[in-house]
Amino acid sequence: MLLEMIELRHVRMQLQSPFETSFGIEHERDCLIVRLEAEGQVGWGECAVSSFPGYSYETTGTAWHVLSEFFIPAVLGQRLSDVGDFISLLAGFKGHNMARAGLEMALWDLMGRVEGIPLKQLLGGSRQRVPVGVSVGIQPTTKNLLSTIETYVQAGYQRVKLKIKPGRDLEDLQAARRAFPDLKLQVDANSAYSLEDRDVFMRMDPLGLLLIEQPLAEDDLIDHAVLQKAVKTPLCLDESILSVRHARQALEIGACRVINIKSGRVGGLAEALRIHDLCSARGRPVWCGGMLETGIGRAANLALASLPGFTLPGDISASDRYYAEDIAEPRFQLNADSTIDVPDQPGLGVEVVPEALERVTLRSERFRI
Ligand code: OSB
Ligand code: MG
């Protein structure tokens, strides 16, 4: 298939409520949307970047630069027969996984539409609905936290992830556990701690958490292995795992027992599949993380989470948890059993709404052969 046109858009979406993590607070979410054209078909992708380098070094600015100067010129006008060809064309470029993954997602969508096959099926997934939870940002007070959790539990979420940071951890967690004794709870520190804080994590063991996500620095597998020996609760890595190689090494040294897979962080859905397969072969659970995606990225997350190794609930909440107005339809709804349906139409299985996309676009550029 000949890639004839690629369009980039920088979009800014207003979040329903501010999202605070250990690295900062977001009121709106910026990302890049990619549109590919080939064979009279269109494919859409989303680069899971943010406006500032808090979670990752990648931003809307770095992704725009790397895509427009390097990745797009490498693939535009090329004939690709599969995603493997795409990966080969970009093999000489280092890093910038989110930029790479956004372009790759558009190719998966395009291929699915050309062949009339849903992304779920292209990836080898089978489930029609997947278990999901909600990621709750750091709240101004513990009281606010409890009422926010209550709202989500009332909405039907059976698993809640709480963001923590030094000074806003044990007390909040203990209060949450007292108020919701049977709720599936897990925490995410976004790498805000060091090994000197190991007591904080040891004191989480009695709380019956599903897992502790990314307690220590992104580039520190060794200290994670030390911490995992000191705590009973499974550690889960997010920021540390940028490739299947990292995943293998982390499991081999015991740096974690669970992996959060985000296609953006690992450079695409193909690499996400490899991590899934590796973990399945080793009997390790994985789950699908989220980056406050629009309906485009959310559709890809649902397709990925339909694979059999995704045994823990994903950070894939209903559209209304994030945005009053989304750029793709249909919106995703939470089922009564805390699941969301996986799209079953060709490609991503969602349709971009041109006027909605236009309203949130800050900048756009088209690249042609
Ligand atoms: O660490 O999982 C994270 C959002 C932005 C950046 C990093 C993370 C998150 C979330 C939100 O936790 C998950 C979601 O999309 O619901
Ligand atoms: Mg995380």
# chains A, B, ... in the order shown; residues from 1 in each chain; ligands from 1

$ closest_atom_pairs --of "chain A" --to "ligand 1" --cutoff "9 Å" --atoms "only C-alpha atoms and all ligand atoms" --output "JSON lines"
{"residue": "A:Phe19", "atom": "CA", "partner": "ligand 1", "partner_atom_place_in_ligand_line": "4 (C)", "distance": 8.0}
{"residue": "A:Thr21", "atom": "CA", "partner": "ligand 1", "partner_atom_place_in_ligand_line": "7 (C)", "distance": 7.9}
{"residue": "A:Glu26", "atom": "CA", "partner": "ligand 1", "partner_atom_place_in_ligand_line": "5 (C)", "distance": 8.9}
{"residue": "A:Ala48", "atom": "CA", "partner": "ligand 1", "partner_atom_place_in_ligand_line": "5 (C)", "distance": 8.7}
{"residue": "A:Val49", "atom": "CA", "partner": "ligand 1", "partner_atom_place_in_ligand_line": "6 (C)", "distance": 8.7}
{"residue": "A:Ser50", "atom": "CA", "partner": "ligand 1", "partner_atom_place_in_ligand_line": "5 (C)", "distance": 8.1}
{"residue": "A:Gly54", "atom": "CA", "partner": "ligand 1", "partner_atom_place_in_ligand_line": "6 (C)", "distance": 8.4}
{"residue": "A:Tyr55", "atom": "CA", "partner": "ligand 1", "partner_atom_place_in_ligand_line": "6 (C)", "distance": 5.8}
{"residue": "A:Ser56", "atom": "CA", "partner": "ligand 1", "partner_atom_place_in_ligand_line": "6 (C)", "distance": 8.5}
{"residue": "A:Gly133", "atom": "CA", "partner": "ligand 1", "partner_atom_place_in_ligand_line": "16 (O)", "distance": 8.1}
{"residue": "A:Val134", "atom": "CA", "partner": "ligand 1", "partner_atom_place_in_ligand_line": "16 (O)", "distance": 5.9}
{"residue": "A:Ser135", "atom": "CA", "partner": "ligand 1", "partner_atom_place_in_ligand_line": "16 (O)", "distance": 5.1}
{"residue": "A:Val136", "atom": "CA", "partner": "ligand 1", "partner_atom_place_in_ligand_line": "12 (O)", "distance": 7.5}
{"residue": "A:Gly137", "atom": "CA", "partner": "ligand 1", "partner_atom_place_in_ligand_line": "12 (O)", "distance": 7.7}
{"residue": "A:Lys161", "atom": "CA", "partner": "ligand 1", "partner_atom_place_in_ligand_line": "12 (O)", "distance": 7.7}
{"residue": "A:Leu162", "atom": "CA", "partner": "ligand 1", "partner_atom_place_in_ligand_line": "12 (O)", "distance": 8.5}
{"residue": "A:Lys163", "atom": "CA", "partner": "ligand 1", "partner_atom_place_in_ligand_line": "12 (O)", "distance": 7.4}
{"residue": "A:Asp188", "atom": "CA", "partner": "ligand 1", "partner_atom_place_in_ligand_line": "1 (O)", "distance": 6.5}
{"residue": "A:Ala189", "atom": "CA", "partner": "ligand 1", "partner_atom_place_in_ligand_line": "1 (O)", "distance": 7.8}
{"residue": "A:Asn190", "atom": "CA", "partner": "ligand 1", "partner_atom_place_in_ligand_line": "1 (O)", "distance": 5.6}
{"residue": "A:Glu213", "atom": "CA", "partner": "ligand 1", "partner_atom_place_in_ligand_line": "1 (O)", "distance": 8.0}
{"residue": "A:Gln214", "atom": "CA", "partner": "ligand 1", "partner_atom_place_in_ligand_line": "1 (O)", "distance": 8.0}
{"residue": "A:Asp238", "atom": "CA", "partner": "ligand 1", "partner_atom_place_in_ligand_line": "1 (O)", "distance": 6.7}
{"residue": "A:Glu239", "atom": "CA", "partner": "ligand 1", "partner_atom_place_in_ligand_line": "1 (O)", "distance": 7.4}
{"residue": "A:Asn260", "atom": "CA", "partner": "ligand 1", "partner_atom_place_in_ligand_line": "2 (O)", "distance": 8.1}
{"residue": "A:Lys262", "atom": "CA", "partner": "ligand 1", "partner_atom_place_in_ligand_line": "2 (O)", "distance": 8.7}
{"residue": "A:Gly289", "atom": "CA", "partner": "ligand 1", "partner_atom_place_in_ligand_line": "2 (O)", "distance": 5.7}
{"residue": "A:Gly290", "atom": "CA", "partner": "ligand 1", "partner_atom_place_in_ligand_line": "15 (O)", "distance": 3.4}
{"residue": "A:Met291", "atom": "CA", "partner": "ligand 1", "partner_atom_place_in_ligand_line": "15 (O)", "distance": 4.0}
{"residue": "A:Leu292", "atom": "CA", "partner": "ligand 1", "partner_atom_place_in_ligand_line": "15 (O)", "distance": 3.5}
{"residue": "A:Glu293", "atom": "CA", "partner": "ligand 1", "partner_atom_place_in_ligand_line": "15 (O)", "distance": 6.0}
{"residue": "A:Arg298", "atom": "CA", "partner": "ligand 1", "partner_atom_place_in_ligand_line": "15 (O)", "distance": 8.4}
{"residue": "A:Gly314", "atom": "CA", "partner": "ligand 1", "partner_atom_place_in_ligand_line": "16 (O)", "distance": 8.4}
{"residue": "A:Asp315", "atom": "CA", "partner": "ligand 1", "partner_atom_place_in_ligand_line": "16 (O)", "distance": 4.6}
{"residue": "A:Ile316", "atom": "CA", "partner": "ligand 1", "partner_atom_place_in_ligand_line": "16 (O)", "distance": 5.5}
{"residue": "A:Ser317", "atom": "CA", "partner": "ligand 1", "partner_atom_place_in_ligand_line": "16 (O)", "distance": 5.8}
{"residue": "A:Ala318", "atom": "CA", "partner": "ligand 1", "partner_atom_place_in_ligand_line": "16 (O)", "distance": 9.0}
{"residue": "A:Arg321", "atom": "CA", "partner": "ligand 1", "partner_atom_place_in_ligand_line": "16 (O)", "distance": 8.3}
{"residue": "A:Tyr322", "atom": "CA", "partner": "ligand 1", "partner_atom_place_in_ligand_line": "16 (O)", "distance": 7.9}

$ select_by_dssp --residues "segment 163-340 of chain A" --states "alpha helix (DSSP H)" --output "PyMOL selection string"
chain A and resi 170-179+198-202+221-230+244-252+269-281+295-305+319-322

$ closest_residue --among "A:Leu312, A:Cys236, A:Ile149, A:Leu207" --to "Gln174 of chain A" --atoms "only C-alpha atoms"
A:Leu207

$ residues_around --residues "segment 339-350 of chain A" --least-positions-apart "3" --cutoff "6 Å" --atoms "only C-alpha atoms" --output "MDAnalysis selection string"
chainID A and resid 109 112:113 116:119 128:132 299 302:303 329 334:335

$ residues_around --residues "Gln139 of chain A" --least-positions-apart "4" --cutoff "10 Å" --atoms "only C-alpha atoms" --output "list in words"
Pro18, Phe19, Glu20, Thr21, Lys143, Asn144, Leu145, Leu146, Ser147, Thr148, Leu162, Lys163, Ile164, Arg168 and Asp172 of chain A

$ select_by_dssp --residues "segment 24-250 of chain A" --states "strand (DSSP E or B)" --output "ChimeraX atom specification"
/A:24-38,41-47,50,59,79,118,129-132,134-136,159-163,165,168,184-188,212-213,235-237

$ closest_residue --among "A:Ala230, A:Cys256, A:Leu3, A:Leu67" --to "Leu103 of chain A" --atoms "only C-alpha atoms"
A:Leu67

$ residues_around --residues "Asp82 of chain A" --least-positions-apart "4" --cutoff "12 Å" --atoms "only C-alpha atoms" --output "list in words"
Met1, Leu2, Leu3, Gln78, Phe86, Ile87, Ser88, Leu89, Glu104, Leu107, Trp108, Asp109, Leu110, Met111, Gly112, Val114, Glu115, Leu122 and Ala270 of chain A

$ write_last_selection --atoms "all heavy atoms" --output "short mmCIF file (atom, residue, chain, number, x, y, z; two decimals), in the first residue's frame"
data_model
loop_
_atom_site.label_atom_id
_atom_site.label_comp_id
_atom_site.auth_asym_id
_atom_site.auth_seq_id
_atom_site.Cartn_x
_atom_site.Cartn_y
_atom_site.Cartn_z
N MET A 1 0.85 -1.19 0.00
CA MET A 1 0.00 0.00 0.00
C MET A 1 0.88 1.24 0.00
O MET A 1 1.84 1.33 0.76
CB MET A 1 -0.86 -0.20 1.23
CG MET A 1 -1.28 0.75 2.13
SD MET A 1 -2.51 -0.02 3.22
CE MET A 1 -1.44 -0.43 4.55
N LEU A 2 0.57 2.16 -0.90
CA LEU A 2 1.39 3.37 -1.07
C LEU A 2 0.90 4.47 -0.13
O LEU A 2 -0.25 4.91 -0.24
CB LEU A 2 1.32 3.84 -2.52
CG LEU A 2 2.07 5.13 -2.85
CD1 LEU A 2 3.57 4.89 -2.87
CD2 LEU A 2 1.60 5.71 -4.18
N LEU A 3 1.76 4.92 0.79
CA LEU A 3 1.36 6.00 1.72
C LEU A 3 1.44 7.34 0.98
O LEU A 3 2.52 7.79 0.61
CB LEU A 3 2.26 6.03 2.95
CG LEU A 3 2.18 4.81 3.87
CD1 LEU A 3 2.98 5.06 5.14
CD2 LEU A 3 0.74 4.47 4.22
N GLN A 78 6.32 5.53 0.38
CA GLN A 78 6.80 4.13 0.40
C GLN A 78 5.63 3.17 0.24
O GLN A 78 4.51 3.48 0.65
CB GLN A 78 7.53 3.82 1.71
CG GLN A 78 8.74 4.67 1.98
CD GLN A 78 9.90 4.37 1.04
OE1 GLN A 78 10.13 3.22 0.68
NE2 GLN A 78 10.61 5.41 0.61
N PHE A 86 7.02 -1.05 8.08
CA PHE A 86 7.05 0.25 8.75
C PHE A 86 8.16 0.26 9.81
O PHE A 86 8.96 1.19 9.89
CB PHE A 86 5.68 0.52 9.39
CG PHE A 86 5.64 1.69 10.31
CD1 PHE A 86 5.39 2.97 9.82
CD2 PHE A 86 5.83 1.53 11.68
CE1 PHE A 86 5.35 4.06 10.68
CE2 PHE A 86 5.79 2.61 12.54
CZ PHE A 86 5.55 3.88 12.04
N ILE A 87 8.21 -0.80 10.60
CA ILE A 87 9.21 -0.87 11.67
C ILE A 87 10.62 -0.84 11.08
O ILE A 87 11.51 -0.15 11.59
CB ILE A 87 8.95 -2.12 12.55
CG1 ILE A 87 7.64 -1.90 13.33
CG2 ILE A 87 10.12 -2.40 13.50
CD1 ILE A 87 7.13 -3.10 14.06
N SER A 88 10.83 -1.54 9.97
CA SER A 88 12.16 -1.55 9.32
C SER A 88 12.54 -0.15 8.84
O SER A 88 13.69 0.26 8.99
CB SER A 88 12.17 -2.48 8.10
OG SER A 88 11.77 -3.76 8.49
N LEU A 89 11.57 0.58 8.28
CA LEU A 89 11.88 1.91 7.76
C LEU A 89 12.33 2.86 8.88
O LEU A 89 13.09 3.79 8.64
CB LEU A 89 10.67 2.50 7.03
CG LEU A 89 10.36 1.88 5.66
CD1 LEU A 89 8.99 2.35 5.16
CD2 LEU A 89 11.44 2.24 4.65
N GLU A 104 2.43 4.49 13.84
CA GLU A 104 2.15 3.05 13.66
C GLU A 104 0.66 2.75 13.87
O GLU A 104 0.06 1.95 13.14
CB GLU A 104 3.02 2.23 14.63
CG GLU A 104 3.08 0.75 14.28
CD GLU A 104 3.12 -0.13 15.51
OE1 GLU A 104 2.19 -0.05 16.34
OE2 GLU A 104 4.08 -0.93 15.64
N LEU A 107 -1.32 3.37 10.89
CA LEU A 107 -1.11 2.31 9.88
C LEU A 107 -1.95 1.07 10.20
O LEU A 107 -2.56 0.47 9.32
CB LEU A 107 0.39 1.97 9.82
CG LEU A 107 0.78 0.95 8.76
CD1 LEU A 107 0.48 1.49 7.36
CD2 LEU A 107 2.28 0.61 8.87
N TRP A 108 -2.00 0.69 11.47
CA TRP A 108 -2.85 -0.45 11.88
C TRP A 108 -4.31 -0.17 11.52
O TRP A 108 -5.02 -1.03 11.00
CB TRP A 108 -2.76 -0.69 13.39
CG TRP A 108 -1.54 -1.41 13.89
CD1 TRP A 108 -0.45 -0.85 14.48
CD2 TRP A 108 -1.29 -2.83 13.88
NE1 TRP A 108 0.46 -1.81 14.84
CE2 TRP A 108 -0.03 -3.03 14.50
CE3 TRP A 108 -2.02 -3.94 13.44
CZ2 TRP A 108 0.52 -4.31 14.67
CZ3 TRP A 108 -1.46 -5.21 13.61
CH2 TRP A 108 -0.21 -5.38 14.22
N ASP A 109 -4.75 1.07 11.81
CA ASP A 109 -6.15 1.43 11.52
C ASP A 109 -6.40 1.34 10.01
O ASP A 109 -7.40 0.74 9.57
CB ASP A 109 -6.42 2.85 12.03
CG ASP A 109 -7.88 3.29 11.85
OD1 ASP A 109 -8.78 2.42 11.90
OD2 ASP A 109 -8.12 4.49 11.64
N LEU A 110 -5.48 1.90 9.25
CA LEU A 110 -5.60 1.89 7.79
C LEU A 110 -5.66 0.45 7.26
O LEU A 110 -6.52 0.10 6.44
CB LEU A 110 -4.39 2.63 7.20
CG LEU A 110 -4.37 2.85 5.69
CD1 LEU A 110 -5.44 3.84 5.29
CD2 LEU A 110 -3.00 3.39 5.28
N MET A 111 -4.76 -0.40 7.74
CA MET A 111 -4.73 -1.80 7.27
C MET A 111 -6.02 -2.52 7.61
O MET A 111 -6.56 -3.27 6.79
CB MET A 111 -3.56 -2.55 7.91
CG MET A 111 -2.22 -2.11 7.36
SD MET A 111 -0.88 -3.19 7.89
CE MET A 111 -1.49 -3.77 9.43
N GLY A 112 -6.52 -2.26 8.80
CA GLY A 112 -7.77 -2.89 9.21
C GLY A 112 -8.93 -2.45 8.31
O GLY A 112 -9.77 -3.26 7.92
N VAL A 114 -8.68 -1.24 5.18
CA VAL A 114 -8.49 -1.77 3.82
C VAL A 114 -8.94 -3.24 3.76
O VAL A 114 -9.60 -3.66 2.82
CB VAL A 114 -7.00 -1.63 3.38
CG1 VAL A 114 -6.72 -2.41 2.11
CG2 VAL A 114 -6.65 -0.15 3.19
N GLU A 115 -8.60 -3.99 4.79
CA GLU A 115 -8.92 -5.43 4.78
C GLU A 115 -10.30 -5.74 5.38
O GLU A 115 -10.74 -6.89 5.33
CB GLU A 115 -7.84 -6.20 5.55
CG GLU A 115 -6.49 -6.17 4.84
CD GLU A 115 -5.35 -6.69 5.72
OE1 GLU A 115 -5.60 -7.51 6.61
OE2 GLU A 115 -4.21 -6.24 5.50
N LEU A 122 -6.76 -8.19 14.19
CA LEU A 122 -5.40 -8.08 13.65
C LEU A 122 -4.36 -8.38 14.73
O LEU A 122 -3.31 -8.93 14.46
CB LEU A 122 -5.13 -6.67 13.10
CG LEU A 122 -5.83 -6.22 11.82
CD1 LEU A 122 -5.43 -4.78 11.48
CD2 LEU A 122 -5.52 -7.14 10.65
N ALA A 270 2.89 -3.27 17.94
CA ALA A 270 3.67 -4.48 17.64
C ALA A 270 4.57 -4.82 18.82
O ALA A 270 4.66 -5.98 19.24
CB ALA A 270 4.48 -4.29 16.36
#

$ atom_distance --atom1 "atom CA of Ser22 of chain A" --atom2 "atom CA of His65 of chain A"
27.3 Å

$ residues_around --residues "Ala225 of chain A" --least-positions-apart "5" --cutoff "7 Å" --atoms "only C-alpha atoms" --output "count of residues only"
4

$ closest_residue --among "A:Ala247, A:Ala356, A:Val34, A:Val258" --to "Gly102 of chain A" --atoms "only C-alpha atoms"
A:Val34

$ closest_residue --among "A:Lys232, A:Glu150, A:Phe23, A:Ile296" --to "ligand 2" --atoms "only C-alpha atoms and all ligand atoms"
A:Phe23

$ closest_residue --among "A:Leu209, A:Phe310, A:Val353, A:Arg368" --to "Glu325 of chain A" --atoms "only C-alpha atoms"
A:Val353

$ residues_around --residues "Leu90 of chain A" --least-positions-apart "3" --cutoff "9 Å" --atoms "only C-alpha atoms" --output "ChimeraX atom specification"
/A:70-71,74-75,85-87,93-94,100

$ closest_residue --among "A:Pro313, A:Gly283, A:Pro215, A:Gly124" --to "ligand 2" --atoms "only C-alpha atoms and all ligand atoms"
A:Pro215

$ atom_distance --atom1 "atom CA of Thr233 of chain A" --atom2 "atom CA of Met98 of chain A"
29.7 Å

$ atom_distance --atom1 "atom CA of Val66 of chain A" --atom2 "atom 1 (Mg, counted along the ligand's line) of ligand 2"
24.3 Å

$ decode --residues "segment 356-369 of chain A" --atoms "N, CA, C and O atoms" --output "PDB file, in the first residue's frame"
ATOM      1  N   ALA A 356     -15.600  18.285  15.404  1.00  0.00           N
ATOM      2  CA  ALA A 356     -15.079  18.195  16.780  1.00  0.00           C
ATOM      3  C   ALA A 356     -13.555  18.255  16.755  1.00  0.00           C
ATOM      4  O   ALA A 356     -12.930  18.918  17.592  1.00  0.00           O
ATOM      5  N   LEU A 357     -12.953  17.587  15.778  1.00  0.00           N
ATOM      6  CA  LEU A 357     -11.491  17.596  15.658  1.00  0.00           C
ATOM      7  C   LEU A 357     -11.013  19.016  15.361  1.00  0.00           C
ATOM      8  O   LEU A 357     -10.036  19.499  15.947  1.00  0.00           O
ATOM      9  N   GLU A 358     -11.708  19.689  14.471  1.00  0.00           N
ATOM     10  CA  GLU A 358     -11.340  21.053  14.078  1.00  0.00           C
ATOM     11  C   GLU A 358     -11.378  21.990  15.296  1.00  0.00           C
ATOM     12  O   GLU A 358     -10.488  22.817  15.482  1.00  0.00           O
ATOM     13  N   ARG A 359     -12.408  21.817  16.144  1.00  0.00           N
ATOM     14  CA  ARG A 359     -12.562  22.703  17.305  1.00  0.00           C
ATOM     15  C   ARG A 359     -11.390  22.613  18.277  1.00  0.00           C
ATOM     16  O   ARG A 359     -11.086  23.578  18.958  1.00  0.00           O
ATOM     17  N   VAL A 360     -10.733  21.440  18.353  1.00  0.00           N
ATOM     18  CA  VAL A 360      -9.656  21.290  19.340  1.00  0.00           C
ATOM     19  C   VAL A 360      -8.261  21.386  18.716  1.00  0.00           C
ATOM     20  O   VAL A 360      -7.260  21.257  19.417  1.00  0.00           O
ATOM     21  N   THR A 361      -8.198  21.627  17.410  1.00  0.00           N
ATOM     22  CA  THR A 361      -6.894  21.681  16.730  1.00  0.00           C
ATOM     23  C   THR A 361      -6.217  23.032  16.922  1.00  0.00           C
ATOM     24  O   THR A 361      -6.810  24.075  16.662  1.00  0.00           O
ATOM     25  N   LEU A 362      -4.950  23.004  17.403  1.00  0.00           N
ATOM     26  CA  LEU A 362      -4.173  24.230  17.561  1.00  0.00           C
ATOM     27  C   LEU A 362      -3.292  24.473  16.348  1.00  0.00           C
ATOM     28  O   LEU A 362      -2.943  25.606  16.032  1.00  0.00           O
ATOM     29  N   ARG A 363      -2.884  23.394  15.684  1.00  0.00           N
ATOM     30  CA  ARG A 363      -1.940  23.511  14.560  1.00  0.00           C
ATOM     31  C   ARG A 363      -2.085  22.267  13.711  1.00  0.00           C
ATOM     32  O   ARG A 363      -2.287  21.172  14.257  1.00  0.00           O
ATOM     33  N   SER A 364      -2.015  22.408  12.395  1.00  0.00           N
ATOM     34  CA  SER A 364      -2.036  21.205  11.558  1.00  0.00           C
ATOM     35  C   SER A 364      -1.147  21.393  10.343  1.00  0.00           C
ATOM     36  O   SER A 364      -0.880  22.531   9.920  1.00  0.00           O
ATOM     37  N   GLU A 365      -0.647  20.300   9.816  1.00  0.00           N
ATOM     38  CA  GLU A 365       0.201  20.345   8.626  1.00  0.00           C
ATOM     39  C   GLU A 365       0.013  19.066   7.831  1.00  0.00           C
ATOM     40  O   GLU A 365      -0.130  17.979   8.406  1.00  0.00           O
ATOM     41  N   ARG A 366       0.010  19.211   6.487  1.00  0.00           N
ATOM     42  CA  ARG A 366      -0.129  18.038   5.615  1.00  0.00           C
ATOM     43  C   ARG A 366       1.179  17.781   4.886  1.00  0.00           C
ATOM     44  O   ARG A 366       1.813  18.721   4.416  1.00  0.00           O
ATOM     45  N   PHE A 367       1.545  16.525   4.816  1.00  0.00           N
ATOM     46  CA  PHE A 367       2.763  16.111   4.113  1.00  0.00           C
ATOM     47  C   PHE A 367       2.330  15.225   2.952  1.00  0.00           C
ATOM     48  O   PHE A 367       1.577  14.265   3.145  1.00  0.00           O
ATOM     49  N   ARG A 368       2.789  15.580   1.729  1.00  0.00           N
ATOM     50  CA  ARG A 368       2.416  14.805   0.541  1.00  0.00           C
ATOM     51  C   ARG A 368       3.663  14.310  -0.173  1.00  0.00           C
ATOM     52  O   ARG A 368       4.746  14.818   0.060  1.00  0.00           O
ATOM     53  N   ILE A 369       3.458  13.344  -1.064  1.00  0.00           N
ATOM     54  CA  ILE A 369       4.575  12.773  -1.812  1.00  0.00           C
ATOM     55  C   ILE A 369       5.242  13.860  -2.678  1.00  0.00           C
ATOM     56  O   ILE A 369       4.543  14.627  -3.331  1.00  0.00           O
TER      57      ILE A 369
END
